[in-house]
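Enquirer: First, the structure itself, so that you have it in front of you.
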Amino acid sequence: MTTRPETPLLDTVDTPADLRKLEKSQLRQLSDELRAEMIDAVGTTGGHLGSGLGVVELTAAIHYVFDTPTDKLVWDVGHQCYPHKILTGRRDRIRTLRQGGGLSGFTKRAESEYDPFGAAHSSTSISAALGFAMANKMQGRPGRGIAVIGDGAMSAGMAYEAMNNAEQAGNRLVVILNDNDMSIALPVGGLSAYLARMVSSSEYLGLRSMASKIARKMGRRVWGGLEKAEEYARGMVTGGTMFEELGFYYVGPIDGHNLDHLIPVLENVRDSEQGPVLIHVVTQKGKGYAPAENSADKYHGVAKFDVVTGEQKKSSGGPPAYQNVFGETLAKLANDDPRICAITAAMPSGTGVDKFAKAHPDKAFDVGIAEQHGVTFAAGLAAEGMRPFAAIYSTFLQRAYDQVVHDVAIQNLPVRFAIDRAGLVGADGCTHAGSFDITYLATLPNMVVMAAADEAELAHMTYTAAEYDDGPIAFRYPRGAGVGVEIPEKLEKLEIGKGRIVREGTKVAILSLGARLEEAKKAADQLEAKGLSTTVADMRFAKPLDTALIEKLMRSHEVVVTVEEGAIGGLGAHVLTFASDEGLTDADGSAGGLKVRTMRLPDIFQDQDDPAKQYDEAGLNAPQIVDTVLGALRHNSAGVEEARA
């Protein structure tokens, strides 16, 4: 006689309300099933693996103890939110992660009521959770703000700014510090778990409250002395003195994978009057999956992989990735120039600075998730004669815009900005797209802005930036592999503000900035096939413009189209402003006049998808360039006929 297999616990849980019906003793089995489900899903889709594996038990415990979604749970960055999505009604779609029309790889308000705040950049969770807590407090409604923030995110000043303003929230604010890398506290074990339960218990907190009332009646001096004594006594044991100084009641460290330790502490915090509270949880990134545990990066971000072996299904061969071209080029340049150094904000491999660091370890600086500091640090280096390269993703450089303006541009300091992930980025979606850097940099006095069309151009621009000492200079390049052009051994120092003609024509001129050049050349081939002689120019610079080249092309062509992978306000806007100032276009659009069209990213935040599909949606591939040209010519022909009539 065979016994029927029991229904997996995970199959009985669609929402946290279902989860709370389980016995505490069942949470271990549920967590194991949740971890297996996540591994299988990410093996199918690719994505962020290690961080989610590290918070499986923590995710289950939070939803079990707290009343989500009334209690607002905010995951910092969101890399670790996949188990959360599985437990909050999205398990049936979890294998659509990071795909067109599927689930976002981060938390997203439009996706679920259990995602109260979108997060894909770091260190925002405490501020947002504090906002939820105070809004509910002021409106007399139930509901806490719960922030889960990783130790890496605690390197950003915004987290401390929020903590410094959190006291009024009282017990409505709970911050869970997920310590999976820094090991900033004592080893986790039975003693620390016991102490955490003890100092978060209602008995301890009740006695503490009674003692504080008595001490207050005895006078401020007595109360202050007792408070400090108790705080530092606990701080010496638990390591939480820094957080106590910021006004938080510190609990921990506790083992984030031991549910017998974790659940009682969360319940104590939930039921206490003490607050705000910071719970220090120690977890292991990649927990429960051997290939991730044994990997140097704990499988932080992975392609599709074989669940049994852990082998990732990455394509082999092909052109080098742009960030590697930058890192290797900079390392070679630094061999001959001791002034070159590199700064990254927690993205050494993503920016290629790891390649530089391997060759020049004493001149590479990873400042953590602290873009503001990184930019001003680079400004200080530049002011003292160094040649710093601040290698930062376009989307992350936005976080340091004030420093770019105030500390770099106004002082005209020669900081070199290597801007990775320019343009659309595929599966990471709108939060990581480099849509705005041309606009927000080219508007600044003293700034030079370049965009690389291919990997050889990137190498030339890296060299050009290294040799440029007259002020700040930036060069942008896309995510992923290059187009396959050979990088010359001897690099060219580009003339500032000068573009190049890639092919000559007479009727249509396509002015391309950056990596849309290949699509511009394809469009030119298609236009030539229709009998339309086409010039293609690689502008190279968004600022300063090659005004001589622009004027020449506008005076000798019937249609001029600008193409860029950036938002409105970039190359097209600057070209139109120049043309208007110089009277190169007909202000009234009269028949027979020059037709200028600008092609750029649409005024929307585009969701994740395959990059080619994203650019189709944006209208920046060859067929759309052709359609834009033909539309301008039809408009022109209609205007001529109307004028003749």
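Ordering of the structure tokens sets the chain letters (A, B, ...); residue numbers start at 1 within each chain; ligands are numbered from 1 in the order shown.
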So which residues of segment 284-434 of chain A fall under strand (DSSP E or B) by DSSP, listed as a list of chain:residue names?

Expert: A:Gly301, A:Val302, A:Phe305, A:Gln312, A:Ala321, A:Ile340, A:Cys341, A:Ala342, A:Ile343, A:Thr344, A:Ala364, A:Phe365, A:Asp366, A:Arg387, A:Pro388, A:Phe389, A:Ala390, A:Ala391, A:Ile392, A:Tyr393, A:Arg416, A:Phe417, A:Ala418, A:Ile419, A:Asp420, A:Gly423, A:Gly434

Enquirer: Find the residues near segment 150-155 of chain A: any atom within 9 Å, counting only C-alpha atoms, skip ones fewer than 5 places away on the same chain, and give them as number ranges by chain.

Expert: A: 76-77, 122-124, 160, 176-184, 346, 367-370

Enquirer: Report the distance between atom CA of Thr70 of chain A and atom CA of Gly52 of chain A in Å, rounded to one decimal place.

Expert: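 Here the two named atoms are 23.1 Å from each other.
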
Enquirer: If we count only C-alpha atoms and set the cut-off at 10 Å, which residues sit around segment 99-104 of chain A, ignoring sequence neighbours fewer than 6 positions away in its own chain? Please answer as a list in words.

Expert: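 Listing them by chain and then by number gives Thr45, Gly46, Gly78, Tyr82, Lys85, Arg90, Arg93, Glu111, Gly426, Ala427, Asp428, Gly429, Cys430, Asp607, Gln608, Asp609, Asp610, Pro611, Lys613 and Gln614 of chain A.
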
Enquirer: What residues in segment 356-438 of chain A get the DSSP label helix (DSSP H, G or I)? Please answer as a VMD selection string.

Expert: chain A and resid 356 to 359 361 to 363 371 to 383 394 to 409 426 to 431 437 to 438

Enquirer: Choose the residue, out of A:Pro276, A:Lys498, A:Val174, A:Ala156, that has the smallest atom-to-atom separation from Ala345 of chain A; count only C-alpha atoms.

Expert: A:Ala156

Enquirer: Extract, using only C-alpha atoms, all DNA, RNA and protein residues at most 12 Å from Ile410 of chain A, discarding same-chain residues fewer than 2 positions from it, and format them as a list in words.

Expert: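 Close residues of Ile410 of chain A: Ala379, Asp402, Gln403, Val404, Val405, His406, Asp407, Val408, Asn412, Leu413, Pro414, Val415, Leu444, Pro445, Asn446, Met447, Gly471 and Pro472 of chain A.
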
Enquirer: Save the residues we just selected, N, CA and C atoms, as a PDB file, in the first residue's frame?

Expert:
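The result, stored in part-v6.pdb:
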ATOM      1  N   ALA A 379      36.617  64.970  -6.946  1.00  0.00           N
ATOM      2  CA  ALA A 379      36.915  66.395  -7.114  1.00  0.00           C
ATOM      3  C   ALA A 379      38.131  66.793  -6.294  1.00  0.00           C
ATOM      4  N   ASP A 402      23.974  66.976  -7.398  1.00  0.00           N
ATOM      5  CA  ASP A 402      24.385  68.221  -6.740  1.00  0.00           C
ATOM      6  C   ASP A 402      25.901  68.299  -6.646  1.00  0.00           C
ATOM      7  N   GLN A 403      26.547  67.172  -6.366  1.00  0.00           N
ATOM      8  CA  GLN A 403      28.007  67.175  -6.276  1.00  0.00           C
ATOM      9  C   GLN A 403      28.644  67.412  -7.652  1.00  0.00           C
ATOM     10  N   VAL A 404      28.034  66.861  -8.702  1.00  0.00           N
ATOM     11  CA  VAL A 404      28.539  67.112 -10.056  1.00  0.00           C
ATOM     12  C   VAL A 404      28.482  68.604 -10.360  1.00  0.00           C
ATOM     13  N   VAL A 405      27.373  69.229  -9.981  1.00  0.00           N
ATOM     14  CA  VAL A 405      27.213  70.666 -10.252  1.00  0.00           C
ATOM     15  C   VAL A 405      28.128  71.487  -9.357  1.00  0.00           C
ATOM     16  N   HIS A 406      27.969  71.321  -8.043  1.00  0.00           N
ATOM     17  CA  HIS A 406      28.593  72.229  -7.081  1.00  0.00           C
ATOM     18  C   HIS A 406      30.084  71.971  -6.888  1.00  0.00           C
ATOM     19  N   ASP A 407      30.450  70.698  -6.759  1.00  0.00           N
ATOM     20  CA  ASP A 407      31.826  70.367  -6.397  1.00  0.00           C
ATOM     21  C   ASP A 407      32.741  70.161  -7.593  1.00  0.00           C
ATOM     22  N   VAL A 408      32.140  69.894  -8.751  1.00  0.00           N
ATOM     23  CA  VAL A 408      32.960  69.629  -9.941  1.00  0.00           C
ATOM     24  C   VAL A 408      32.812  70.738 -10.979  1.00  0.00           C
ATOM     25  N   ASN A 412      35.154  73.823 -12.007  1.00  0.00           N
ATOM     26  CA  ASN A 412      35.843  73.458 -13.242  1.00  0.00           C
ATOM     27  C   ASN A 412      36.990  72.484 -12.997  1.00  0.00           C
ATOM     28  N   LEU A 413      36.722  71.494 -12.172  1.00  0.00           N
ATOM     29  CA  LEU A 413      37.751  70.508 -11.843  1.00  0.00           C
ATOM     30  C   LEU A 413      37.729  69.350 -12.838  1.00  0.00           C
ATOM     31  N   PRO A 414      38.896  68.897 -13.259  1.00  0.00           N
ATOM     32  CA  PRO A 414      38.966  67.854 -14.302  1.00  0.00           C
ATOM     33  C   PRO A 414      38.693  66.441 -13.776  1.00  0.00           C
ATOM     34  N   VAL A 415      37.463  66.234 -13.341  1.00  0.00           N
ATOM     35  CA  VAL A 415      37.014  64.884 -13.000  1.00  0.00           C
ATOM     36  C   VAL A 415      36.535  64.213 -14.276  1.00  0.00           C
ATOM     37  N   LEU A 444      25.222  71.724 -18.234  1.00  0.00           N
ATOM     38  CA  LEU A 444      26.132  72.359 -17.279  1.00  0.00           C
ATOM     39  C   LEU A 444      27.279  73.090 -17.967  1.00  0.00           C
ATOM     40  N   PRO A 445      27.536  74.344 -17.605  1.00  0.00           N
ATOM     41  CA  PRO A 445      28.740  75.028 -18.094  1.00  0.00           C
ATOM     42  C   PRO A 445      29.989  74.256 -17.693  1.00  0.00           C
ATOM     43  N   ASN A 446      30.995  74.356 -18.505  1.00  0.00           N
ATOM     44  CA  ASN A 446      32.316  73.729 -18.306  1.00  0.00           C
ATOM     45  C   ASN A 446      32.357  72.236 -18.614  1.00  0.00           C
ATOM     46  N   MET A 447      31.198  71.597 -18.776  1.00  0.00           N
ATOM     47  CA  MET A 447      31.175  70.144 -18.940  1.00  0.00           C
ATOM     48  C   MET A 447      31.355  69.744 -20.398  1.00  0.00           C
ATOM     49  N   GLY A 471      38.920  70.831 -17.476  1.00  0.00           N
ATOM     50  CA  GLY A 471      37.654  70.852 -16.759  1.00  0.00           C
ATOM     51  C   GLY A 471      37.039  69.467 -16.748  1.00  0.00           C
ATOM     52  N   PRO A 472      35.812  69.344 -16.264  1.00  0.00           N
ATOM     53  CA  PRO A 472      35.166  68.029 -16.202  1.00  0.00           C
ATOM     54  C   PRO A 472      34.823  67.501 -17.587  1.00  0.00           C
TER      55      PRO A 472
END

Enquirer: To one decimal place in Å, what is the distance between atom CA of His432 of chain A and atom CA of Leu34 of chain A?

Expert: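 One can read the atom CA of His432 of chain A to atom CA of Leu34 of chain A distance as 27.5 Å.
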
Enquirer: Would you mind listing what lies within 7 Å of segment 519-535 of chain A as a ChimeraX atom specification, with only C-alpha atoms counted and same-chain residues fewer than 3 positions away left out?

Expert: /A:503-510,512,516,621-623,625-626

Enquirer: Would you kindly return, as number ranges by chain, each protein, DNA or RNA residue with an atom no farther than 6 Å from any atom of segment 546-548 of chain A, considering only C-alpha atoms and excluding same-chain residues fewer than 2 positions away?

Expert: A: 497-498, 550-551

Enquirer: Excluding Phe106 of chain A and residues on its chain fewer than 3 positions from it, collect all residues at most 7 Å away from it, counting only C-alpha atoms, and give them as a CSV table (one decimal) with N, CA and C atoms, in the first residue's frame.

Expert:
chain,number,residue,atom,x,y,z
A,78,GLY,N,15.7,46.0,-3.4
A,78,GLY,CA,14.7,45.1,-4.0
A,78,GLY,C,15.3,43.8,-4.6
A,79,HIS,N,16.6,43.7,-4.7
A,79,HIS,CA,17.2,42.5,-5.2
A,79,HIS,C,16.7,41.3,-4.5
A,81,CYS,N,13.8,40.6,-3.2
A,81,CYS,CA,12.4,40.5,-3.0
A,81,CYS,C,11.7,39.3,-3.7
A,119,ALA,N,11.5,50.1,-5.2
A,119,ALA,CA,12.9,50.2,-4.8
A,119,ALA,C,13.8,49.5,-5.7
A,120,ALA,N,14.7,50.2,-6.3
A,120,ALA,CA,15.8,49.5,-7.1
A,120,ALA,C,17.1,50.2,-6.9

Enquirer: One decimal, in Å: what's the spacing between atom CA of Tyr468 of chain A and atom CA of Lys493 of chain A?

Expert: 9.3 Å
